[in-house]
$ cat upload-v3.txt   # compact mmCIF, N, CA and C atoms
# COMPACT_ATOMS: atom_id res chain seq x y z
N MET A 1 -31.96 18.91 -20.72
CA MET A 1 -32.22 19.16 -19.31
C MET A 1 -31.97 20.65 -19.06
N GLN A 2 -32.88 21.27 -18.37
CA GLN A 2 -32.76 22.69 -18.06
C GLN A 2 -31.76 22.91 -16.93
N ASN A 3 -31.27 24.14 -16.85
CA ASN A 3 -30.29 24.47 -15.80
C ASN A 3 -30.82 24.17 -14.41
N SER A 4 -32.07 24.49 -14.15
CA SER A 4 -32.62 24.26 -12.82
C SER A 4 -32.70 22.77 -12.51
N GLU A 5 -32.99 21.96 -13.51
CA GLU A 5 -33.02 20.51 -13.31
C GLU A 5 -31.61 19.97 -13.06
N ALA A 6 -30.65 20.50 -13.79
CA ALA A 6 -29.26 20.08 -13.60
C ALA A 6 -28.79 20.45 -12.20
N MET A 7 -29.15 21.63 -11.73
CA MET A 7 -28.77 22.03 -10.37
C MET A 7 -29.45 21.16 -9.33
N ALA A 8 -30.71 20.82 -9.55
CA ALA A 8 -31.43 19.96 -8.60
C ALA A 8 -30.79 18.58 -8.54
N LEU A 9 -30.41 18.04 -9.70
CA LEU A 9 -29.74 16.74 -9.73
C LEU A 9 -28.38 16.84 -9.03
N SER A 10 -27.63 17.88 -9.31
CA SER A 10 -26.33 18.08 -8.67
C SER A 10 -26.48 18.14 -7.15
N ALA A 11 -27.45 18.90 -6.70
CA ALA A 11 -27.68 19.05 -5.26
C ALA A 11 -28.06 17.71 -4.63
N ALA A 12 -28.91 16.94 -5.31
CA ALA A 12 -29.33 15.65 -4.77
C ALA A 12 -28.15 14.67 -4.68
N LEU A 13 -27.31 14.63 -5.72
CA LEU A 13 -26.15 13.74 -5.69
C LEU A 13 -25.16 14.15 -4.60
N LEU A 14 -24.92 15.43 -4.46
CA LEU A 14 -24.00 15.90 -3.42
C LEU A 14 -24.56 15.63 -2.03
N ALA A 15 -25.86 15.83 -1.86
CA ALA A 15 -26.48 15.56 -0.56
C ALA A 15 -26.41 14.08 -0.22
N ALA A 16 -26.67 13.21 -1.21
CA ALA A 16 -26.60 11.77 -0.98
C ALA A 16 -25.17 11.35 -0.64
N ALA A 17 -24.19 11.91 -1.34
CA ALA A 17 -22.79 11.57 -1.07
C ALA A 17 -22.40 12.05 0.33
N GLY A 18 -22.82 13.24 0.70
CA GLY A 18 -22.51 13.76 2.02
C GLY A 18 -23.14 12.93 3.13
N GLU A 19 -24.40 12.57 2.93
CA GLU A 19 -25.09 11.75 3.93
C GLU A 19 -24.44 10.37 4.04
N LEU A 20 -24.09 9.78 2.90
CA LEU A 20 -23.45 8.47 2.91
C LEU A 20 -22.10 8.53 3.63
N THR A 21 -21.31 9.55 3.35
CA THR A 21 -20.03 9.73 4.02
C THR A 21 -20.22 9.83 5.52
N GLN A 22 -21.19 10.62 5.94
CA GLN A 22 -21.42 10.80 7.37
C GLN A 22 -21.91 9.52 8.03
N ARG A 23 -22.78 8.79 7.36
CA ARG A 23 -23.30 7.54 7.94
C ARG A 23 -22.20 6.49 8.05
N ILE A 24 -21.32 6.44 7.07
CA ILE A 24 -20.20 5.50 7.16
C ILE A 24 -19.29 5.91 8.31
N HIS A 25 -18.98 7.19 8.39
CA HIS A 25 -18.12 7.66 9.48
C HIS A 25 -18.75 7.37 10.84
N ASP A 26 -20.04 7.67 10.99
CA ASP A 26 -20.72 7.39 12.25
C ASP A 26 -20.69 5.91 12.59
N GLY A 27 -20.84 5.06 11.58
CA GLY A 27 -20.80 3.61 11.79
C GLY A 27 -19.42 3.14 12.22
N VAL A 28 -18.38 3.74 11.67
CA VAL A 28 -17.01 3.40 12.06
C VAL A 28 -16.77 3.78 13.51
N VAL A 29 -17.19 4.99 13.88
CA VAL A 29 -17.03 5.45 15.26
C VAL A 29 -17.82 4.56 16.21
N ALA A 30 -19.04 4.19 15.82
CA ALA A 30 -19.88 3.33 16.67
C ALA A 30 -19.24 1.96 16.88
N ARG A 31 -18.37 1.55 15.95
CA ARG A 31 -17.69 0.25 16.08
C ARG A 31 -16.37 0.38 16.84
N GLY A 32 -16.14 1.53 17.44
CA GLY A 32 -14.99 1.69 18.32
C GLY A 32 -13.75 2.33 17.71
N PHE A 33 -13.83 2.82 16.51
CA PHE A 33 -12.68 3.45 15.87
C PHE A 33 -12.82 4.96 15.99
N GLU A 34 -12.24 5.49 17.05
CA GLU A 34 -12.37 6.91 17.33
C GLU A 34 -11.12 7.66 16.89
N GLY A 35 -11.24 8.97 16.88
CA GLY A 35 -10.12 9.82 16.52
C GLY A 35 -9.89 9.93 15.03
N LEU A 36 -10.87 9.55 14.25
CA LEU A 36 -10.76 9.62 12.80
C LEU A 36 -11.75 10.64 12.24
N ARG A 37 -11.42 11.14 11.07
CA ARG A 37 -12.32 12.03 10.32
C ARG A 37 -12.67 11.32 9.02
N PRO A 38 -13.75 11.75 8.36
CA PRO A 38 -14.06 11.13 7.07
C PRO A 38 -12.90 11.15 6.08
N ALA A 39 -12.07 12.19 6.12
CA ALA A 39 -10.92 12.25 5.21
C ALA A 39 -10.00 11.05 5.38
N HIS A 40 -9.91 10.53 6.61
CA HIS A 40 -9.08 9.34 6.83
C HIS A 40 -9.62 8.15 6.03
N GLY A 41 -10.93 8.03 6.00
CA GLY A 41 -11.55 6.94 5.25
C GLY A 41 -11.23 7.00 3.77
N PHE A 42 -11.20 8.22 3.21
CA PHE A 42 -10.83 8.36 1.80
C PHE A 42 -9.38 7.96 1.58
N ALA A 43 -8.53 8.24 2.56
CA ALA A 43 -7.13 7.80 2.48
C ALA A 43 -7.04 6.28 2.59
N PHE A 44 -7.80 5.69 3.51
CA PHE A 44 -7.78 4.24 3.67
C PHE A 44 -8.20 3.55 2.37
N ALA A 45 -9.15 4.15 1.65
CA ALA A 45 -9.61 3.55 0.38
C ALA A 45 -8.45 3.45 -0.61
N ARG A 46 -7.54 4.42 -0.60
CA ARG A 46 -6.39 4.38 -1.51
C ARG A 46 -5.30 3.45 -0.98
N LEU A 47 -5.13 3.40 0.32
CA LEU A 47 -4.08 2.57 0.90
C LEU A 47 -4.44 1.08 0.90
N ALA A 48 -5.74 0.78 0.93
CA ALA A 48 -6.19 -0.59 1.13
C ALA A 48 -5.62 -1.60 0.13
N PRO A 49 -5.61 -1.35 -1.16
CA PRO A 49 -5.14 -2.44 -2.02
C PRO A 49 -3.70 -2.86 -1.74
N ASP A 50 -2.74 -1.98 -1.98
CA ASP A 50 -1.32 -2.37 -1.87
C ASP A 50 -0.47 -1.30 -1.22
N GLY A 51 -1.09 -0.33 -0.57
CA GLY A 51 -0.35 0.79 -0.02
C GLY A 51 -0.13 1.85 -1.07
N ALA A 52 0.49 2.95 -0.67
CA ALA A 52 0.75 4.06 -1.59
C ALA A 52 1.84 4.93 -1.01
N THR A 53 2.49 5.67 -1.87
CA THR A 53 3.43 6.68 -1.40
C THR A 53 2.64 7.92 -0.98
N VAL A 54 3.28 8.82 -0.29
CA VAL A 54 2.61 10.07 0.09
C VAL A 54 2.18 10.83 -1.15
N GLY A 55 3.02 10.84 -2.17
CA GLY A 55 2.67 11.52 -3.42
C GLY A 55 1.44 10.93 -4.09
N GLU A 56 1.36 9.61 -4.12
CA GLU A 56 0.19 8.94 -4.70
C GLU A 56 -1.06 9.25 -3.87
N LEU A 57 -0.92 9.25 -2.56
CA LEU A 57 -2.05 9.56 -1.70
C LEU A 57 -2.49 11.01 -1.90
N ALA A 58 -1.54 11.92 -2.03
CA ALA A 58 -1.87 13.33 -2.27
C ALA A 58 -2.67 13.48 -3.56
N ALA A 59 -2.23 12.81 -4.63
CA ALA A 59 -2.95 12.87 -5.90
C ALA A 59 -4.35 12.30 -5.76
N HIS A 60 -4.48 11.21 -5.04
CA HIS A 60 -5.77 10.57 -4.83
C HIS A 60 -6.74 11.50 -4.09
N LEU A 61 -6.23 12.17 -3.07
CA LEU A 61 -7.08 13.04 -2.25
C LEU A 61 -7.26 14.43 -2.83
N GLY A 62 -6.42 14.79 -3.80
CA GLY A 62 -6.50 16.13 -4.36
C GLY A 62 -5.95 17.19 -3.42
N VAL A 63 -4.90 16.83 -2.70
CA VAL A 63 -4.27 17.76 -1.75
C VAL A 63 -2.77 17.83 -2.04
N THR A 64 -2.09 18.73 -1.35
CA THR A 64 -0.64 18.84 -1.50
C THR A 64 0.05 17.65 -0.84
N LYS A 65 1.30 17.42 -1.23
CA LYS A 65 2.08 16.36 -0.59
C LYS A 65 2.25 16.66 0.90
N GLN A 66 2.39 17.93 1.25
CA GLN A 66 2.53 18.31 2.66
C GLN A 66 1.27 17.93 3.45
N ALA A 67 0.10 18.21 2.89
CA ALA A 67 -1.15 17.86 3.58
C ALA A 67 -1.29 16.34 3.71
N ALA A 68 -0.94 15.61 2.65
CA ALA A 68 -1.01 14.15 2.70
C ALA A 68 -0.02 13.61 3.72
N SER A 69 1.15 14.20 3.79
CA SER A 69 2.16 13.77 4.76
C SER A 69 1.66 13.97 6.19
N GLN A 70 1.01 15.08 6.44
CA GLN A 70 0.45 15.33 7.77
C GLN A 70 -0.64 14.31 8.11
N LEU A 71 -1.48 13.98 7.12
CA LEU A 71 -2.53 12.98 7.34
C LEU A 71 -1.89 11.62 7.63
N VAL A 72 -0.84 11.27 6.89
CA VAL A 72 -0.15 10.00 7.12
C VAL A 72 0.48 9.99 8.51
N ASP A 73 1.11 11.08 8.90
CA ASP A 73 1.68 11.16 10.26
C ASP A 73 0.61 10.86 11.30
N GLU A 74 -0.57 11.41 11.08
CA GLU A 74 -1.67 11.24 12.03
C GLU A 74 -2.14 9.78 12.10
N ILE A 75 -2.35 9.15 10.94
CA ILE A 75 -2.86 7.77 10.99
C ILE A 75 -1.78 6.78 11.43
N VAL A 76 -0.52 7.11 11.19
CA VAL A 76 0.57 6.27 11.71
C VAL A 76 0.61 6.39 13.22
N ARG A 77 0.53 7.62 13.73
CA ARG A 77 0.56 7.85 15.18
C ARG A 77 -0.61 7.13 15.88
N LYS A 78 -1.75 7.04 15.22
CA LYS A 78 -2.93 6.39 15.80
C LYS A 78 -2.95 4.89 15.58
N GLY A 79 -1.96 4.37 14.87
CA GLY A 79 -1.83 2.93 14.71
C GLY A 79 -2.61 2.33 13.55
N TYR A 80 -3.09 3.16 12.63
CA TYR A 80 -3.87 2.66 11.51
C TYR A 80 -3.02 2.33 10.28
N ALA A 81 -1.82 2.88 10.22
CA ALA A 81 -0.95 2.66 9.06
C ALA A 81 0.50 2.68 9.55
N GLU A 82 1.38 2.20 8.66
CA GLU A 82 2.81 2.26 8.95
C GLU A 82 3.55 2.54 7.65
N ARG A 83 4.74 3.09 7.80
CA ARG A 83 5.60 3.34 6.65
C ARG A 83 6.57 2.16 6.52
N ARG A 84 6.76 1.72 5.28
CA ARG A 84 7.70 0.63 4.99
C ARG A 84 8.58 1.06 3.82
N PRO A 85 9.72 0.42 3.69
CA PRO A 85 10.54 0.69 2.49
C PRO A 85 9.73 0.33 1.24
N HIS A 86 9.85 1.15 0.22
CA HIS A 86 9.16 0.88 -1.05
C HIS A 86 9.91 -0.22 -1.78
N PRO A 87 9.23 -1.29 -2.20
CA PRO A 87 9.94 -2.41 -2.84
C PRO A 87 10.56 -2.05 -4.19
N GLY A 88 10.04 -1.02 -4.86
CA GLY A 88 10.55 -0.69 -6.17
C GLY A 88 11.30 0.63 -6.26
N ASP A 89 11.39 1.36 -5.15
CA ASP A 89 12.04 2.67 -5.18
C ASP A 89 12.68 2.94 -3.81
N ALA A 90 13.97 2.81 -3.75
CA ALA A 90 14.68 2.96 -2.47
C ALA A 90 14.54 4.36 -1.88
N ARG A 91 14.18 5.35 -2.71
CA ARG A 91 14.03 6.72 -2.22
C ARG A 91 12.66 6.97 -1.59
N SER A 92 11.71 6.09 -1.83
CA SER A 92 10.34 6.30 -1.36
C SER A 92 9.99 5.38 -0.21
N ARG A 93 8.98 5.78 0.52
CA ARG A 93 8.41 4.95 1.58
C ARG A 93 6.98 4.60 1.15
N LEU A 94 6.59 3.39 1.44
CA LEU A 94 5.24 2.93 1.14
C LEU A 94 4.43 3.00 2.42
N VAL A 95 3.26 3.59 2.36
CA VAL A 95 2.35 3.68 3.50
C VAL A 95 1.33 2.56 3.33
N VAL A 96 1.24 1.67 4.33
CA VAL A 96 0.32 0.54 4.27
C VAL A 96 -0.52 0.50 5.53
N LEU A 97 -1.70 -0.08 5.41
CA LEU A 97 -2.57 -0.23 6.57
C LEU A 97 -2.02 -1.30 7.51
N THR A 98 -2.20 -1.08 8.79
CA THR A 98 -1.87 -2.08 9.81
C THR A 98 -3.11 -2.96 10.02
N GLY A 99 -3.01 -3.92 10.91
CA GLY A 99 -4.18 -4.72 11.26
C GLY A 99 -5.32 -3.85 11.75
N ARG A 100 -5.01 -2.83 12.54
CA ARG A 100 -6.04 -1.90 13.01
C ARG A 100 -6.66 -1.13 11.84
N GLY A 101 -5.83 -0.74 10.87
CA GLY A 101 -6.34 -0.05 9.69
C GLY A 101 -7.27 -0.93 8.87
N TRP A 102 -6.89 -2.20 8.73
CA TRP A 102 -7.75 -3.14 7.99
C TRP A 102 -9.06 -3.38 8.74
N ALA A 103 -9.00 -3.48 10.07
CA ALA A 103 -10.23 -3.66 10.86
C ALA A 103 -11.14 -2.45 10.70
N CYS A 104 -10.56 -1.28 10.67
CA CYS A 104 -11.34 -0.06 10.47
C CYS A 104 -11.98 -0.06 9.08
N THR A 105 -11.24 -0.52 8.09
CA THR A 105 -11.76 -0.60 6.73
C THR A 105 -12.94 -1.56 6.66
N ARG A 106 -12.83 -2.68 7.35
CA ARG A 106 -13.96 -3.63 7.38
C ARG A 106 -15.16 -3.01 8.09
N ALA A 107 -14.92 -2.23 9.15
CA ALA A 107 -16.01 -1.54 9.84
C ALA A 107 -16.69 -0.55 8.90
N ALA A 108 -15.91 0.12 8.07
CA ALA A 108 -16.47 1.06 7.10
C ALA A 108 -17.33 0.32 6.06
N GLN A 109 -16.87 -0.86 5.64
CA GLN A 109 -17.66 -1.66 4.69
C GLN A 109 -18.99 -2.08 5.31
N GLU A 110 -18.96 -2.48 6.58
CA GLU A 110 -20.21 -2.84 7.27
C GLU A 110 -21.13 -1.64 7.38
N ALA A 111 -20.58 -0.49 7.73
CA ALA A 111 -21.39 0.72 7.86
C ALA A 111 -21.98 1.14 6.51
N ALA A 112 -21.19 0.97 5.43
CA ALA A 112 -21.69 1.29 4.09
C ALA A 112 -22.84 0.36 3.72
N ALA A 113 -22.72 -0.91 4.06
CA ALA A 113 -23.80 -1.87 3.77
C ALA A 113 -25.07 -1.48 4.52
N GLU A 114 -24.94 -1.03 5.76
CA GLU A 114 -26.11 -0.58 6.51
C GLU A 114 -26.74 0.65 5.86
N ALA A 115 -25.91 1.60 5.46
CA ALA A 115 -26.42 2.83 4.85
C ALA A 115 -27.13 2.54 3.53
N VAL A 116 -26.53 1.69 2.71
CA VAL A 116 -27.15 1.34 1.44
C VAL A 116 -28.39 0.48 1.68
N GLY A 117 -28.37 -0.31 2.75
CA GLY A 117 -29.56 -1.09 3.11
C GLY A 117 -30.77 -0.20 3.35
N ALA A 118 -30.54 0.98 3.91
CA ALA A 118 -31.64 1.92 4.11
C ALA A 118 -32.19 2.40 2.76
N TRP A 119 -31.31 2.55 1.78
CA TRP A 119 -31.77 2.93 0.45
C TRP A 119 -32.60 1.82 -0.17
N VAL A 120 -32.17 0.56 0.05
CA VAL A 120 -32.91 -0.59 -0.47
C VAL A 120 -34.32 -0.61 0.12
N GLU A 121 -34.42 -0.35 1.41
CA GLU A 121 -35.74 -0.30 2.04
C GLU A 121 -36.61 0.81 1.45
N LEU A 122 -35.98 1.90 1.08
CA LEU A 122 -36.70 3.05 0.57
C LEU A 122 -37.15 2.88 -0.88
N ILE A 123 -36.22 2.44 -1.76
CA ILE A 123 -36.56 2.39 -3.18
C ILE A 123 -36.48 1.00 -3.80
N GLY A 124 -36.02 0.01 -3.04
CA GLY A 124 -35.96 -1.35 -3.54
C GLY A 124 -34.59 -1.73 -4.07
N GLU A 125 -34.29 -3.03 -3.97
CA GLU A 125 -32.97 -3.53 -4.36
C GLU A 125 -32.69 -3.32 -5.84
N GLY A 126 -33.69 -3.55 -6.68
CA GLY A 126 -33.48 -3.36 -8.12
C GLY A 126 -33.13 -1.93 -8.48
N GLU A 127 -33.79 -0.98 -7.84
CA GLU A 127 -33.51 0.43 -8.11
C GLU A 127 -32.11 0.82 -7.62
N VAL A 128 -31.71 0.28 -6.48
CA VAL A 128 -30.37 0.58 -5.97
C VAL A 128 -29.31 -0.01 -6.90
N ARG A 129 -29.53 -1.22 -7.38
CA ARG A 129 -28.58 -1.82 -8.34
C ARG A 129 -28.51 -1.00 -9.62
N ALA A 130 -29.68 -0.57 -10.11
CA ALA A 130 -29.71 0.25 -11.33
C ALA A 130 -28.99 1.58 -11.10
N LEU A 131 -29.17 2.18 -9.93
CA LEU A 131 -28.48 3.42 -9.60
C LEU A 131 -26.97 3.21 -9.62
N ARG A 132 -26.50 2.12 -9.00
CA ARG A 132 -25.08 1.82 -8.98
C ARG A 132 -24.54 1.66 -10.40
N GLU A 133 -25.26 0.93 -11.23
CA GLU A 133 -24.82 0.70 -12.61
C GLU A 133 -24.77 1.99 -13.41
N ARG A 134 -25.76 2.84 -13.24
CA ARG A 134 -25.79 4.11 -13.98
C ARG A 134 -24.68 5.05 -13.50
N LEU A 135 -24.48 5.12 -12.20
CA LEU A 135 -23.42 5.98 -11.68
C LEU A 135 -22.05 5.46 -12.12
N ALA A 136 -21.88 4.14 -12.20
CA ALA A 136 -20.62 3.57 -12.67
C ALA A 136 -20.37 3.92 -14.13
N ARG A 137 -21.42 4.07 -14.93
CA ARG A 137 -21.25 4.49 -16.32
C ARG A 137 -20.87 5.96 -16.40
N ILE A 138 -21.42 6.77 -15.51
CA ILE A 138 -21.13 8.20 -15.52
C ILE A 138 -19.72 8.48 -15.00
N ALA A 139 -19.34 7.81 -13.93
CA ALA A 139 -18.04 8.04 -13.29
C ALA A 139 -17.34 6.71 -13.07
N PRO A 140 -16.86 6.08 -14.16
CA PRO A 140 -16.28 4.73 -14.02
C PRO A 140 -14.89 4.69 -13.41
N TYR A 141 -14.16 5.79 -13.48
CA TYR A 141 -12.77 5.79 -13.03
C TYR A 141 -12.53 6.95 -12.09
N GLY A 142 -11.36 6.95 -11.56
CA GLY A 142 -10.95 8.10 -10.77
C GLY A 142 -10.99 7.81 -9.29
N PRO A 143 -10.27 8.64 -8.57
CA PRO A 143 -10.21 8.45 -7.12
C PRO A 143 -11.51 8.84 -6.44
N ILE A 144 -11.76 8.18 -5.35
CA ILE A 144 -12.89 8.57 -4.51
C ILE A 144 -12.30 9.53 -3.49
N ARG A 145 -12.66 10.79 -3.62
CA ARG A 145 -12.05 11.79 -2.76
C ARG A 145 -13.11 12.66 -2.13
N PRO A 146 -12.75 13.24 -1.01
CA PRO A 146 -13.70 14.14 -0.35
C PRO A 146 -13.92 15.40 -1.18
N ALA A 147 -15.07 15.97 -1.01
CA ALA A 147 -15.36 17.27 -1.65
C ALA A 147 -14.90 18.35 -0.70
N TRP A 148 -13.64 18.73 -0.82
CA TRP A 148 -13.07 19.71 0.10
C TRP A 148 -13.79 20.97 -0.12
$ encode --input "upload-v3.txt" --output "structure tokens"
Amino acid sequence: MQNSEAMALSAALLAAAGELTQRIHDGVVARGFEGLRPAHGFAFARLAPDGATVGELAAHLGVTKQAASQLVDEIVRKGYAERRPHPGDARSRLVVLTGRGWACTRAAQEAAAEAVGAWVELIGEGEVRALRERLARIAPYGPIRPAW
């Protein structure tokens, strides 16, 4: 693959990721969850399974612990998450989603389905599935983080 083709592919993937992020965010806001930024959604993705410490969230987002702590303060203040004692480390606090945080996460899933549905209309369900499978082979692991 030539450099120009690699750059064109890179640009297309970044544009698709940016558009998808914005469409999910817009869908979340349209469902009544205001006062959030796309970065909050990337944090929710890490908190959703079992919660996380501020340090784990910082590593996931690729930011400093101070920046992650400020983001946590913000989502706690807005009622999307809460701090709890860490079950395995008395020195740490676990940040977990509240009911409002889980509802917001479900709204993001619905918005993502709508956004991907537009891709299905454009290129077909088989092509979208193939795209997902190929991208999963290229980037099977790692945090889903914003492109700061």
$ closest_residue --input "upload-v3.txt" --among "A:Arg134, A:Ala107, A:Arg100, A:Leu122" --to "Arg31 in chain A" --atoms "all atoms listed in the file"
A:Ala107
$ closest_residue --input "upload-v3.txt" --among "A:Tyr141, A:Val120, A:Ala108, A:His86" --to "His25 in chain A" --atoms "only N, CA and C atoms"
A:Ala108
$ closest_residue --input "upload-v3.txt" --among "A:Trp119, A:Ala45, A:Leu61, A:Gln109" --to "Ile24 in chain A" --atoms "all atoms listed in the file"
A:Gln109
$ atom_distance --input "upload-v3.txt" --atom1 "atom C of Glu34 in chain A" --atom2 "atom C of Leu13 in chain A"
26.5 Å
$ atom_distance --input "upload-v3.txt" --atom1 "atom N of Ala59 in chain A" --atom2 "atom C of Leu71 in chain A"
12.3 Å
$ atom_distance --input "upload-v3.txt" --atom1 "CA of Ala81 in chain A" --atom2 "CA of Val95 in chain A"
6.5 Å
$ closest_residue --input "upload-v3.txt" --among "A:Leu94, A:Gly88, A:Leu20, A:Gly51" --to "Gly117 in chain A" --atoms "only C-alpha atoms"
A:Leu20
$ closest_residue --input "upload-v3.txt" --among "A:Leu36, A:Ala67, A:Ala112, A:Ala90" --to "Glu19 in chain A" --atoms "only C-alpha atoms"
A:Ala112
